[in-house]
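Visitor: If it helps, the file is called target.cif and holds mmCIF, C-alpha atoms, pLDDT in the B column; chains and numbers go by the auth columns:
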data_model
#
loop_
_atom_site.group_PDB
_atom_site.id
_atom_site.type_symbol
_atom_site.label_atom_id
_atom_site.label_comp_id
_atom_site.label_asym_id
_atom_site.label_seq_id
_atom_site.Cartn_x
_atom_site.Cartn_y
_atom_site.Cartn_z
_atom_site.B_iso_or_equiv
_atom_site.auth_seq_id
_atom_site.auth_asym_id
ATOM 1 C CA MET A 1 -144.086 -25.288 -57.588 50.00 1 A
ATOM 2 C CA ALA A 2 -140.625 -26.159 -56.169 58.00 2 A
ATOM 3 C CA PHE A 3 -139.565 -27.836 -59.402 59.00 3 A
ATOM 4 C CA GLU A 4 -140.039 -24.630 -61.368 61.00 4 A
ATOM 5 C CA ALA A 5 -137.872 -22.669 -58.912 61.00 5 A
ATOM 6 C CA LEU A 6 -135.089 -25.242 -59.279 60.00 6 A
ATOM 7 C CA ASP A 7 -135.389 -25.098 -63.060 58.00 7 A
ATOM 8 C CA GLU A 8 -134.920 -21.315 -62.945 56.00 8 A
ATOM 9 C CA LEU A 9 -131.947 -21.715 -60.608 55.00 9 A
ATOM 10 C CA LEU A 10 -130.250 -24.173 -62.959 62.00 10 A
ATOM 11 C CA ASP A 11 -130.855 -21.973 -66.024 60.00 11 A
ATOM 12 C CA GLU A 12 -128.009 -19.579 -65.296 86.00 12 A
ATOM 13 C CA THR A 13 -126.245 -17.134 -67.529 93.00 13 A
ATOM 14 C CA LEU A 14 -122.956 -15.341 -67.245 94.00 14 A
ATOM 15 C CA VAL A 15 -122.862 -11.677 -68.259 95.00 15 A
ATOM 16 C CA LEU A 16 -119.481 -10.165 -69.132 96.00 16 A
ATOM 17 C CA PRO A 17 -118.804 -6.499 -69.934 96.00 17 A
ATOM 18 C CA ILE A 18 -116.352 -6.050 -72.820 96.00 18 A
ATOM 19 C CA GLY A 19 -115.662 -2.808 -74.621 94.00 19 A
ATOM 20 C CA GLY A 20 -118.762 -1.030 -73.349 95.00 20 A
ATOM 21 C CA ARG A 21 -121.082 -3.929 -74.259 97.00 21 A
ATOM 22 C CA ARG A 22 -122.510 -6.714 -72.141 97.00 22 A
ATOM 23 C CA TYR A 23 -122.318 -10.245 -73.512 97.00 23 A
ATOM 24 C CA THR A 24 -124.664 -12.868 -72.103 96.00 24 A
ATOM 25 C CA ILE A 25 -123.273 -16.384 -72.076 96.00 25 A
ATOM 26 C CA PRO A 26 -125.956 -19.024 -71.575 95.00 26 A
ATOM 27 C CA ALA A 27 -125.342 -22.164 -69.559 94.00 27 A
ATOM 28 C CA PRO A 28 -123.569 -24.609 -71.861 94.00 28 A
ATOM 29 C CA THR A 29 -125.134 -27.841 -73.009 93.00 29 A
ATOM 30 C CA ALA A 30 -124.448 -30.912 -70.914 93.00 30 A
ATOM 31 C CA ASP A 31 -122.141 -32.203 -73.648 92.00 31 A
ATOM 32 C CA THR A 32 -120.068 -29.010 -73.669 92.00 32 A
ATOM 33 C CA GLY A 33 -119.952 -28.886 -69.867 93.00 33 A
ATOM 34 C CA LEU A 34 -118.752 -32.480 -69.658 92.00 34 A
ATOM 35 C CA ARG A 35 -116.159 -31.831 -72.364 90.00 35 A
ATOM 36 C CA VAL A 36 -114.828 -28.812 -70.455 92.00 36 A
ATOM 37 C CA GLN A 37 -114.641 -30.868 -67.245 92.00 37 A
ATOM 38 C CA THR A 38 -112.729 -33.632 -69.052 89.00 38 A
ATOM 39 C CA ILE A 39 -110.286 -31.200 -70.661 89.00 39 A
ATOM 40 C CA VAL A 40 -109.595 -29.335 -67.405 89.00 40 A
ATOM 41 C CA GLN A 41 -109.060 -32.588 -65.525 89.00 41 A
ATOM 42 C CA ALA A 42 -106.729 -33.948 -68.239 87.00 42 A
ATOM 43 C CA ALA A 43 -104.766 -30.685 -68.274 86.00 43 A
ATOM 44 C CA ALA A 44 -104.401 -30.738 -64.477 88.00 44 A
ATOM 45 C CA VAL A 45 -103.096 -34.309 -64.545 89.00 45 A
ATOM 46 C CA ALA A 46 -100.650 -33.439 -67.332 85.00 46 A
ATOM 47 C CA ALA A 47 -99.493 -30.295 -65.504 86.00 47 A
ATOM 48 C CA SER A 48 -98.751 -32.284 -62.363 88.00 48 A
ATOM 49 C CA GLY A 49 -96.543 -34.694 -64.309 88.00 49 A
ATOM 50 C CA GLY A 50 -99.135 -37.386 -64.869 85.00 50 A
ATOM 51 C CA GLN A 51 -99.997 -39.286 -68.010 82.00 51 A
ATOM 52 C CA VAL A 52 -101.175 -36.954 -70.778 80.00 52 A
ATOM 53 C CA ASP A 53 -104.642 -37.914 -72.023 78.00 53 A
ATOM 54 C CA GLU A 54 -104.005 -37.347 -75.729 79.00 54 A
ATOM 55 C CA GLU A 55 -107.620 -38.122 -76.628 76.00 55 A
ATOM 56 C CA ALA A 56 -109.149 -35.586 -74.223 75.00 56 A
ATOM 57 C CA LEU A 57 -106.657 -32.859 -75.035 75.00 57 A
ATOM 58 C CA GLY A 58 -106.737 -33.689 -78.758 73.00 58 A
ATOM 59 C CA ASP A 59 -110.501 -33.276 -78.827 62.00 59 A
ATOM 60 C CA ALA A 60 -110.059 -29.787 -77.401 59.00 60 A
ATOM 61 C CA ALA A 61 -107.913 -28.839 -80.378 59.00 61 A
ATOM 62 C CA GLU A 62 -110.268 -30.454 -82.875 56.00 62 A
ATOM 63 C CA GLY A 63 -113.509 -28.970 -81.627 62.00 63 A
ATOM 64 C CA ASP A 64 -114.238 -25.290 -81.367 86.00 64 A
ATOM 65 C CA LEU A 65 -114.427 -25.248 -77.587 90.00 65 A
ATOM 66 C CA TYR A 66 -114.593 -21.470 -77.194 92.00 66 A
ATOM 67 C CA ARG A 67 -117.442 -21.201 -79.709 93.00 67 A
ATOM 68 C CA ASP A 68 -119.369 -24.008 -78.010 92.00 68 A
ATOM 69 C CA LEU A 69 -118.703 -22.608 -74.561 94.00 69 A
ATOM 70 C CA LEU A 70 -119.609 -18.980 -75.275 96.00 70 A
ATOM 71 C CA GLY A 71 -122.618 -19.838 -77.415 95.00 71 A
ATOM 72 C CA PRO A 72 -124.213 -16.915 -79.281 96.00 72 A
ATOM 73 C CA ALA A 73 -121.981 -14.463 -77.390 97.00 73 A
ATOM 74 C CA TYR A 74 -119.028 -15.821 -79.392 96.00 74 A
ATOM 75 C CA ASP A 75 -120.504 -14.685 -82.708 96.00 75 A
ATOM 76 C CA GLU A 76 -121.519 -11.327 -81.187 97.00 76 A
ATOM 77 C CA MET A 77 -117.968 -10.772 -79.915 97.00 77 A
ATOM 78 C CA VAL A 78 -116.441 -11.615 -83.292 96.00 78 A
ATOM 79 C CA ALA A 79 -118.959 -9.393 -85.126 97.00 79 A
ATOM 80 C CA ASN A 80 -118.203 -6.516 -82.757 97.00 80 A
ATOM 81 C CA GLY A 81 -114.455 -6.825 -83.267 97.00 81 A
ATOM 82 C CA VAL A 82 -113.593 -7.983 -79.756 97.00 82 A
ATOM 83 C CA THR A 83 -109.867 -8.623 -79.516 95.00 83 A
ATOM 84 C CA TRP A 84 -108.469 -12.139 -79.208 93.00 84 A
ATOM 85 C CA PRO A 85 -107.163 -11.552 -75.632 94.00 85 A
ATOM 86 C CA ALA A 86 -110.618 -10.353 -74.540 95.00 86 A
ATOM 87 C CA LEU A 87 -112.396 -13.286 -76.191 94.00 87 A
ATOM 88 C CA LYS A 88 -109.897 -15.739 -74.693 93.00 88 A
ATOM 89 C CA HIS A 89 -110.367 -14.150 -71.246 94.00 89 A
ATOM 90 C CA ALA A 90 -114.145 -14.459 -71.605 96.00 90 A
ATOM 91 C CA ALA A 91 -113.768 -18.140 -72.522 94.00 91 A
ATOM 92 C CA ARG A 92 -111.434 -18.808 -69.591 92.00 92 A
ATOM 93 C CA THR A 93 -113.916 -17.083 -67.304 95.00 93 A
ATOM 94 C CA ALA A 94 -116.673 -19.316 -68.668 95.00 94 A
ATOM 95 C CA ILE A 95 -114.466 -22.375 -68.084 94.00 95 A
ATOM 96 C CA ALA A 96 -114.098 -21.384 -64.410 94.00 96 A
ATOM 97 C CA TRP A 97 -117.887 -21.013 -64.252 94.00 97 A
ATOM 98 C CA VAL A 98 -118.454 -24.468 -65.722 94.00 98 A
ATOM 99 C CA VAL A 99 -115.773 -26.245 -63.695 93.00 99 A
ATOM 100 C CA GLN A 100 -116.422 -24.422 -60.404 93.00 100 A
ATOM 101 C CA ASP A 101 -119.091 -21.736 -60.020 92.00 101 A
ATOM 102 C CA LYS A 102 -119.951 -18.077 -60.628 92.00 102 A
ATOM 103 C CA THR A 103 -117.798 -16.937 -57.714 92.00 103 A
ATOM 104 C CA ALA A 104 -114.730 -18.569 -59.280 92.00 104 A
ATOM 105 C CA ALA A 105 -115.670 -17.070 -62.650 93.00 105 A
ATOM 106 C CA GLU A 106 -115.876 -13.614 -61.071 93.00 106 A
ATOM 107 C CA ARG A 107 -112.384 -14.044 -59.588 94.00 107 A
ATOM 108 C CA VAL A 108 -111.011 -15.089 -62.976 93.00 108 A
ATOM 109 C CA TRP A 109 -112.737 -12.170 -64.716 95.00 109 A
ATOM 110 C CA SER A 110 -111.529 -9.673 -62.099 92.00 110 A
ATOM 111 C CA SER A 111 -107.958 -10.950 -62.428 89.00 111 A
ATOM 112 C CA GLY A 112 -107.818 -9.562 -65.953 87.00 112 A
ATOM 113 C CA GLY A 113 -106.089 -12.746 -67.052 75.00 113 A
ATOM 114 C CA ASP A 114 -103.214 -12.357 -64.578 77.00 114 A
ATOM 115 C CA PRO A 115 -102.941 -15.647 -62.635 73.00 115 A
ATOM 116 C CA SER A 116 -100.986 -13.959 -59.836 75.00 116 A
ATOM 117 C CA ARG A 117 -104.062 -11.843 -59.079 74.00 117 A
ATOM 118 C CA LEU A 118 -106.128 -14.995 -58.420 67.00 118 A
ATOM 119 C CA ALA A 119 -104.258 -15.904 -55.229 60.00 119 A
ATOM 120 C CA PRO A 120 -105.029 -13.696 -52.256 58.00 120 A
ATOM 121 C CA ASN A 121 -102.138 -11.462 -51.348 50.00 121 A
ATOM 122 C CA ARG A 122 -100.482 -11.494 -47.935 48.00 122 A
ATOM 123 C CA GLN A 123 -102.607 -8.618 -46.630 49.00 123 A
ATOM 124 C CA GLU A 124 -105.862 -10.334 -47.674 53.00 124 A
ATOM 125 C CA ARG A 125 -104.764 -13.619 -46.052 46.00 125 A
ATOM 126 C CA ARG A 126 -104.118 -11.778 -42.803 52.00 126 A
ATOM 127 C CA ARG A 127 -107.535 -10.085 -42.926 54.00 127 A
ATOM 128 C CA SER A 128 -109.257 -13.383 -43.613 52.00 128 A
ATOM 129 C CA GLY A 129 -107.631 -15.130 -40.654 53.00 129 A
ATOM 130 C CA GLY A 130 -105.020 -17.168 -42.510 49.00 130 A
ATOM 131 C CA ALA A 131 -102.168 -18.745 -40.562 47.00 131 A
ATOM 132 C CA ASN A 132 -99.906 -16.269 -38.833 47.00 132 A
ATOM 133 C CA THR A 133 -96.334 -17.495 -38.654 44.00 133 A
ATOM 134 C CA THR A 134 -95.013 -14.464 -36.781 45.00 134 A
ATOM 135 C CA LYS A 135 -94.450 -15.297 -33.130 43.00 135 A
ATOM 136 C CA SER A 136 -95.991 -12.718 -30.825 44.00 136 A
ATOM 137 C CA GLN A 137 -94.652 -11.951 -27.334 49.00 137 A
ATOM 138 C CA ASP A 138 -97.722 -13.560 -25.746 49.00 138 A
ATOM 139 C CA SER A 139 -97.618 -16.666 -27.841 45.00 139 A
ATOM 140 C CA GLY A 140 -95.852 -19.910 -27.125 48.00 140 A
ATOM 141 C CA SER A 141 -96.027 -20.866 -30.782 45.00 141 A
ATOM 142 C CA GLY A 142 -96.134 -18.726 -33.872 47.00 142 A
ATOM 143 C CA THR A 143 -99.023 -20.429 -35.643 48.00 143 A
ATOM 144 C CA SER A 144 -102.012 -20.544 -33.341 46.00 144 A
ATOM 145 C CA GLY A 145 -103.501 -18.945 -30.278 49.00 145 A
ATOM 146 C CA ARG A 146 -105.474 -22.097 -29.491 49.00 146 A
ATOM 147 C CA PRO A 147 -104.234 -24.453 -26.793 52.00 147 A
ATOM 148 C CA ALA A 148 -102.821 -27.800 -27.884 51.00 148 A
ATOM 149 C CA PRO A 149 -105.170 -30.779 -27.670 52.00 149 A
ATOM 150 C CA ALA A 150 -105.110 -32.559 -24.301 53.00 150 A
ATOM 151 C CA ARG A 151 -103.133 -35.533 -25.632 48.00 151 A
ATOM 152 C CA ALA A 152 -100.476 -33.196 -27.076 48.00 152 A
ATOM 153 C CA ARG A 153 -100.186 -31.312 -23.762 47.00 153 A
ATOM 154 C CA HIS A 154 -99.916 -34.651 -21.966 50.00 154 A
ATOM 155 C CA LYS A 155 -97.052 -35.806 -24.209 50.00 155 A
ATOM 156 C CA ARG A 156 -95.094 -32.594 -23.645 50.00 156 A
ATOM 157 C CA ARG A 157 -95.171 -33.043 -19.857 51.00 157 A
ATOM 158 C CA ARG A 158 -93.363 -36.358 -19.972 47.00 158 A
#
What do you get writing this file as structure tokens?
Guide:
Amino acid sequence: MAFEALDELLDETLVLPIGGRRYTIPAPTADTGLRVQTIVQAAAVAASGGQVDEEALGDAAEGDLYRDLLGPAYDEMVANGVTWPALKHAARTAIAWVVQDKTAAERVWSSGGDPSRLAPNRQERRRSGGANTTKSQDSGSGTSGRPAPARARHKRRR
């Protein structure tokens, strides 16, 4: 039945390799997911100079967010002696998964915790078709090979 397939789709896990072991992080509860969303949103507002939501960010300090987010994998990591940077990286990866999706989580995990590795470098932007600001000999403008819209061409002729 279609409902069963959707149920399986929504019952995701995140598997992270740390120190030769694989830790399976189950989808968080709705309460934990909503709490993560609230904290991330409050942090983004605060980082952009907005009003700090003391309640949302205070709750993050009070509750054991990483434990709730990582579920049973948290206790396994602690029991296996996983280092604090590795556990923190796993939790941040899980946050990206909750707030965005598995693709975002994979980018965070692959970055090794280095935020500069999250943004595509210049070479990758060029390969993916990002804006080219270098003016070529054949180009009238340095940003696009497409002709200007008719109304823009019309205005230039005047």
Visitor: Contacts of Val36 (chain A) at 12 Å or less, counting all atoms listed in the file, minus same-chain residues fewer than 2 places along, as a PyMOL selection string?
Guide: chain A and resi 28-34+38-43+56-57+59-60+63-66+68-70+91-92+94-100
Visitor: Name the residues that the PyMOL selection byres ((chain A and resi 16) around 10) pulls out of this structure, and write them as a ChimeraX atom specification.
Guide: /A:13-15,17-19,21-25,73,90,93-94,106,109
Visitor: Hey, can you check how far CA of Val52 (chain A) sits from CA of Pro85 (chain A)?
Guide: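 Straight-line distance from CA of Val52 (chain A) to CA of Pro85 (chain A) works out to 26.5 Å.
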Visitor: Could you please determine the separation between CA of Asp75 (chain A) and CA of Ala27 (chain A) in Å, to one decimal place?
Guide: 15.9 Å
Visitor: Kindly indicate which residue among A:Glu76, A:Asp101, A:Asp114, A:Glu12 lies nearest to His89 (chain A), using all atoms listed in the file for the distances.
Guide: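 Looking only at the distances to His89 (chain A), the closest residue turns out to be A:Asp114.
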Visitor: Would you mind reading off the distance between CA of Ala79 (chain A) and CA of Arg67 (chain A), one decimal, in Å?
Guide: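 Separation of CA of Ala79 (chain A) and CA of Arg67 (chain A): 13.1 Å.
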